[in-house]
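Coordinates from my_file.cif are shown below (mmCIF, C-alpha atoms).
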data_my_file
loop_
_atom_site.label_atom_id
_atom_site.label_comp_id
_atom_site.auth_asym_id
_atom_site.auth_seq_id
_atom_site.Cartn_x
_atom_site.Cartn_y
_atom_site.Cartn_z
CA MET A 1 0.00 0.00 0.00
CA VAL A 2 1.28 3.46 -0.95
CA ASP A 3 2.26 5.66 2.01
CA THR A 4 0.84 9.02 0.91
CA SER A 5 2.04 10.77 4.06
CA LEU A 6 5.60 9.83 3.09
CA GLN A 7 4.95 11.03 -0.46
CA ARG A 8 3.76 14.37 0.87
CA LYS A 9 6.85 14.68 3.05
CA ASN A 10 9.09 13.87 0.08
CA MET A 11 7.26 16.41 -2.09
CA VAL A 12 7.90 19.14 0.46
CA GLU A 13 11.50 18.15 1.18
CA SER A 14 12.62 17.53 -2.43
CA GLN A 15 10.51 19.98 -4.43
CA VAL A 16 9.16 22.78 -2.24
CA ARG A 17 11.86 23.59 0.32
CA PRO A 18 14.74 23.53 -2.23
CA SER A 19 12.80 26.16 -4.22
CA ASP A 20 13.32 28.75 -1.48
CA VAL A 21 9.88 28.31 0.06
CA THR A 22 10.67 29.32 3.61
CA ASP A 23 7.17 30.07 4.92
CA ARG A 24 6.61 27.22 7.37
CA ARG A 25 2.84 27.70 7.19
CA ILE A 26 2.92 26.67 3.53
CA THR A 27 5.12 23.63 4.03
CA LEU A 28 3.02 22.48 6.98
CA ALA A 29 -0.17 22.82 4.93
CA MET A 30 1.28 20.97 1.95
CA SER A 31 2.60 18.24 4.27
CA SER A 32 -0.87 17.57 5.65
CA ILE A 33 -3.27 18.08 2.71
CA ALA A 34 -4.04 14.99 0.62
CA ARG A 35 -3.10 16.22 -2.86
CA GLU A 36 -4.22 12.90 -4.35
CA ALA A 37 -7.82 13.74 -3.40
CA PHE A 38 -7.78 16.65 -5.85
CA VAL A 39 -6.77 14.69 -8.97
CA ALA A 40 -8.57 12.09 -11.08
CA PRO A 41 -8.33 8.51 -9.76
CA GLU A 42 -6.22 7.39 -12.72
CA LEU A 43 -3.63 10.10 -11.93
CA ARG A 44 -3.32 9.60 -8.19
CA ALA A 45 -0.06 7.70 -8.55
CA LEU A 46 1.36 10.96 -9.97
CA ALA A 47 -0.20 13.27 -7.40
CA TYR A 48 3.13 14.12 -5.74
CA SER A 49 5.26 14.32 -8.89
CA ASP A 50 7.09 17.51 -9.81
CA ALA A 51 4.77 18.25 -12.71
CA GLU A 52 1.52 19.86 -13.75
CA LEU A 53 -1.41 17.43 -13.88
CA PRO A 54 -4.47 17.67 -16.17
CA LEU A 55 -7.81 18.43 -14.58
CA GLY A 56 -11.29 17.34 -15.58
CA ASP A 57 -12.22 15.79 -18.89
CA GLY A 58 -12.33 16.80 -22.55
CA ARG A 59 -14.41 19.88 -21.76
CA THR A 60 -11.64 21.27 -19.63
CA LYS A 61 -8.82 20.80 -22.12
CA GLY A 62 -5.71 22.69 -21.03
CA ARG A 63 -6.70 23.08 -17.38
CA GLN A 64 -3.98 21.88 -15.05
CA LEU A 65 -3.11 21.48 -11.40
CA LEU A 66 0.02 23.58 -10.99
CA ALA A 67 3.27 21.84 -10.10
CA PRO A 68 3.79 21.84 -6.30
CA ARG A 69 6.87 24.08 -6.34
CA THR A 70 5.20 26.63 -8.62
CA LEU A 71 2.08 26.83 -6.48
CA ALA A 72 4.06 27.02 -3.24
CA LYS A 73 6.21 29.88 -4.52
CA MET A 74 3.15 31.78 -5.78
CA ILE A 75 1.44 31.44 -2.41
CA GLN A 76 4.60 32.54 -0.61
CA ILE A 77 4.70 35.71 -2.72
CA LEU A 78 0.98 36.22 -2.14
CA SER A 79 1.69 36.03 1.61
CA PRO A 80 -1.86 35.86 2.99
CA ASP A 81 -2.43 36.81 6.61
CA PRO A 82 -4.71 34.85 8.99
CA SER A 83 -7.29 37.67 8.88
CA ASP A 84 -7.39 37.91 5.07
CA ILE A 85 -10.21 37.27 2.62
CA VAL A 86 -8.70 35.58 -0.43
CA LEU A 87 -10.08 35.02 -3.94
CA ASP A 88 -8.74 31.92 -5.70
CA VAL A 89 -9.39 32.42 -9.43
CA GLY A 90 -9.51 29.24 -11.50
CA CYS A 91 -9.62 26.98 -8.47
CA GLY A 92 -9.99 23.80 -10.53
CA THR A 93 -10.61 20.97 -8.07
CA GLY A 94 -9.64 23.11 -5.08
CA TYR A 95 -6.10 22.13 -4.09
CA ALA A 96 -4.77 25.69 -3.92
CA THR A 97 -7.98 26.68 -2.13
CA ALA A 98 -7.28 24.06 0.51
CA ILE A 99 -3.77 25.40 1.15
CA LEU A 100 -5.00 28.99 1.24
CA SER A 101 -7.73 28.06 3.70
CA ARG A 102 -5.02 27.06 6.17
CA LEU A 103 -3.38 30.48 5.83
CA ALA A 104 -6.31 32.91 5.58
CA MET A 105 -9.61 33.57 7.33
CA THR A 106 -11.87 32.98 4.30
CA VAL A 107 -11.28 31.75 0.75
CA VAL A 108 -13.67 32.35 -2.15
CA ALA A 109 -12.85 29.79 -4.84
CA LEU A 110 -13.98 30.85 -8.32
CA GLU A 111 -14.39 28.31 -11.10
CA GLU A 112 -16.28 28.69 -14.36
CA ASP A 113 -16.44 25.03 -15.36
CA GLN A 114 -19.44 23.39 -13.74
CA GLY A 115 -17.84 19.96 -13.42
CA LEU A 116 -14.69 21.31 -11.79
CA ALA A 117 -16.72 23.55 -9.47
CA GLN A 118 -18.83 20.61 -8.34
CA GLU A 119 -15.75 18.45 -7.76
CA ALA A 120 -14.01 21.23 -5.82
CA THR A 121 -17.08 21.66 -3.62
CA ARG A 122 -17.25 17.92 -2.97
CA VAL A 123 -13.57 17.42 -2.16
CA LEU A 124 -13.27 20.49 0.06
CA GLN A 125 -16.34 19.40 2.04
CA VAL A 126 -15.08 15.82 2.40
CA GLN A 127 -11.66 17.07 3.49
CA GLY A 128 -13.20 19.40 6.06
CA PHE A 129 -12.24 22.83 4.73
CA ASP A 130 -15.17 24.81 6.13
CA ASN A 131 -13.76 28.31 5.61
CA ALA A 132 -13.73 27.97 1.80
CA ALA A 133 -16.69 28.43 -0.55
CA VAL A 134 -16.73 27.51 -4.24
CA VAL A 135 -18.62 29.84 -6.57
CA GLN A 136 -19.21 29.47 -10.30
CA GLY A 137 -18.81 32.17 -12.94
CA PRO A 138 -16.48 33.57 -15.61
CA LEU A 139 -12.94 33.75 -14.29
CA THR A 140 -12.30 37.12 -15.91
CA ASP A 141 -15.19 38.66 -13.96
CA GLY A 142 -13.82 37.75 -10.55
CA TYR A 143 -16.42 37.68 -7.79
CA PRO A 144 -17.08 41.27 -6.68
CA SER A 145 -20.02 40.50 -4.40
CA GLU A 146 -17.67 39.02 -1.79
CA GLY A 147 -14.91 41.58 -2.31
CA PRO A 148 -12.88 43.62 -2.08
CA TYR A 149 -10.15 41.09 -1.32
CA ASP A 150 -6.92 41.26 0.63
CA ARG A 151 -5.30 38.75 -1.71
CA ILE A 152 -6.12 37.25 -5.11
CA LEU A 153 -4.39 34.16 -6.50
CA VAL A 154 -4.81 33.41 -10.21
CA GLY A 155 -4.22 29.70 -10.71
CA GLY A 156 -2.77 29.84 -14.19
CA ALA A 157 -1.41 32.17 -16.81
CA VAL A 158 -2.71 35.49 -18.11
CA ALA A 159 -1.50 37.32 -21.21
CA GLU A 160 -1.89 40.80 -19.74
CA PRO A 161 -2.60 42.38 -16.35
CA PRO A 162 -6.13 41.27 -15.31
CA ALA A 163 -7.72 44.68 -14.88
CA THR A 164 -11.11 43.51 -13.61
CA LEU A 165 -9.52 41.33 -10.94
CA LEU A 166 -7.11 44.08 -9.91
CA GLY A 167 -10.11 46.33 -9.36
CA GLN A 168 -11.41 43.89 -6.73
CA LEU A 169 -8.37 44.30 -4.48
CA LYS A 170 -8.48 46.30 -1.29
CA ASP A 171 -6.07 49.20 -0.99
CA GLY A 172 -2.78 47.50 -0.13
CA GLY A 173 -4.09 44.20 -1.49
CA ARG A 174 -1.99 41.89 -3.62
CA LEU A 175 -2.63 39.75 -6.71
CA VAL A 176 -0.28 37.04 -8.00
CA ALA A 177 -0.54 35.44 -11.44
CA ILE A 178 1.72 33.96 -14.10
CA LEU A 179 2.15 36.55 -16.83
CA ALA A 180 2.84 34.96 -20.22
CA SER A 181 3.83 37.80 -22.51
CA GLY A 182 6.53 38.58 -25.06
CA GLY A 183 7.81 35.02 -25.18
CA SER A 184 8.47 34.83 -21.43
CA SER A 185 6.40 33.45 -18.60
CA ARG A 186 6.92 34.63 -15.03
CA ALA A 187 5.04 34.92 -11.78
CA VAL A 188 4.16 38.57 -11.22
CA THR A 189 2.76 40.42 -8.22
CA TRP A 190 0.51 43.47 -8.48
CA THR A 191 -0.12 45.55 -5.35
CA ARG A 192 -2.91 48.12 -5.16
CA ILE A 193 -1.87 51.55 -3.93
CA GLY A 194 -4.94 53.76 -3.95
CA THR A 195 -6.06 53.88 -7.57
CA THR A 196 -2.74 52.68 -8.99
CA TYR A 197 -0.95 49.33 -9.05
CA SER A 198 2.70 48.54 -8.59
CA GLU A 199 4.09 45.51 -10.45
CA SER A 200 6.98 43.34 -9.29
CA ASP A 201 8.64 40.45 -11.10
CA GLY A 202 8.87 37.07 -9.43
CA PHE A 203 10.25 33.85 -10.87
CA ASP A 204 10.13 31.83 -14.09
CA ALA A 205 6.94 29.74 -14.18
CA VAL A 206 4.94 27.84 -16.75
CA ALA A 207 1.17 27.32 -16.87
CA PRO A 208 -1.55 27.22 -19.54
CA LEU A 209 -3.57 30.35 -20.17
CA LEU A 210 -6.77 30.34 -18.16
CA PRO A 211 -10.06 30.69 -20.09
CA GLY A 212 -10.71 34.29 -21.09
CA PHE A 213 -7.23 35.57 -20.26
CA ALA A 214 -5.75 35.63 -23.76
CA LYS A 215 -4.44 38.99 -24.96
CA SER A 216 -7.15 41.38 -26.05
CA PRO A 217 -7.07 41.97 -29.82
CA GLY A 218 -5.88 45.40 -30.88
CA PHE A 219 -8.05 47.79 -32.84
CA VAL A 220 -7.93 47.09 -36.57
CA PHE A 221 -8.99 49.61 -39.21
#
Would you put the structure from the file into structure tokens?
Amino acid sequence: MVDTSLQRKNMVESQVRPSDVTDRRITLAMSSIAREAFVAPELRALAYSDAELPLGDGRTKGRQLLAPRTLAKMIQILSPDPSDIVLDVGCGTGYATAILSRLAMTVVALEEDQGLAQEATRVLQVQGFDNAAVVQGPLTDGYPSEGPYDRILVGGAVAEPPATLLGQLKDGGRLVAILASGGSSRAVTWTRIGTTYSESDGFDAVAPLLPGFAKSPGFVF
């Protein structure tokens, strides 16, 4: 029988910690959350591999569970506080939501695919994460009715700064996403300062573009 607790420990010790993830809250959460519960049964043997894993079925082509080290580094940059309200955009089956729920007061998990949203709701309930709620709607719209948010995590790539999501941050709030632009792909942090946003570069990261976050077409005469 596979010892998943040992697999989780190995994931943290061989993938997450060596990637300069020093926030003990994150490593403790990832050491205790059953990542295999958030992937399809046929992929559970790969749940703790250092790789992205496909989510859902043919309707969700391109959707992936981020590699553990990528997700951990993004959450470390996001740096949620215990009193924070966090929006998890593109929650998929809810793995990032589960980690965030250990770090923040409340997590709103946004997913536009009905099947993924239903699975995320089921798994989070079974696993006992009672401070996270899954909501369904277009990812690009965010979820303003529960905002503004202290932190927003975008669980995939965007081709340009997500203006609508940025507008749902509190003053001083922070959004982290993977910006895929100009042939490069890096985790980027935007921080709201009044009506403006500062942008800071993070680390090289790869993820598929989330639905609706392709670059807007320019005006053509």
Point out the residue among A:Gln136, A:Gln125, A:Thr191, A:Thr93 with the least atom-to-atom distance to A:Phe38, counting all atoms listed in the file. A:Thr93
Produce a table with one row for each residue of stretch 110-169 of chain A that has an atom at most 12 Å from any atom of stretch 70-76 of chain A, each row naming the nearest atom pair and its distance in Å at one decimal; use all atoms listed in the file; arrange rows by chain and rising residue number; format as JSON lines.
{"residue": "A:Arg151", "atom": "CA", "partner": "A:Ile75", "partner_atom": "CA", "distance": 10.0}
{"residue": "A:Ile152", "atom": "CA", "partner": "A:Ile75", "partner_atom": "CA", "distance": 9.9}
{"residue": "A:Leu153", "atom": "CA", "partner": "A:Ile75", "partner_atom": "CA", "distance": 7.6}
{"residue": "A:Val154", "atom": "CA", "partner": "A:Met74", "partner_atom": "CA", "distance": 9.3}
{"residue": "A:Gly155", "atom": "CA", "partner": "A:Leu71", "partner_atom": "CA", "distance": 8.1}
{"residue": "A:Gly156", "atom": "CA", "partner": "A:Leu71", "partner_atom": "CA", "distance": 9.6}
{"residue": "A:Ala157", "atom": "CA", "partner": "A:Thr70", "partner_atom": "CA", "distance": 11.9}
Tell me which residues the PyMOL selection byres ((chain A and resi 194) around 12) grabs here, as a PyMOL selection string. chain A and resi 166-167+169-173+191-193+195-198
Each stretch 82-116 of chain A residue no farther than 12 Å from stretch 176-189 of chain A, nearest pair in Å, all atoms listed in the file, as a tab-separated table:
residue	atom	partner	partner_atom	distance
A:Val86	CA	A:Val176	CA	11.4
A:Leu87	CA	A:Val176	CA	10.8
A:Asp88	CA	A:Val176	CA	10.2
A:Val89	CA	A:Ala177	CA	9.6
A:Gly90	CA	A:Ala177	CA	10.9
Would you mind reading off the distance between atom CA of A:Gln118 and atom CA of A:Val134, one decimal, in Å? 8.3 Å
Considering only C-alpha atoms, state which residue in the set A:Val206, A:Ser79, A:Ala37, A:Ala98 is at the smallest distance from A:Arg24.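 So, comparing all the options, the nearest one is A:Ser79.
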Correct to one decimal, the distance atom CA of A:Pro68-atom CA of A:Ala34 is 12.5 Å
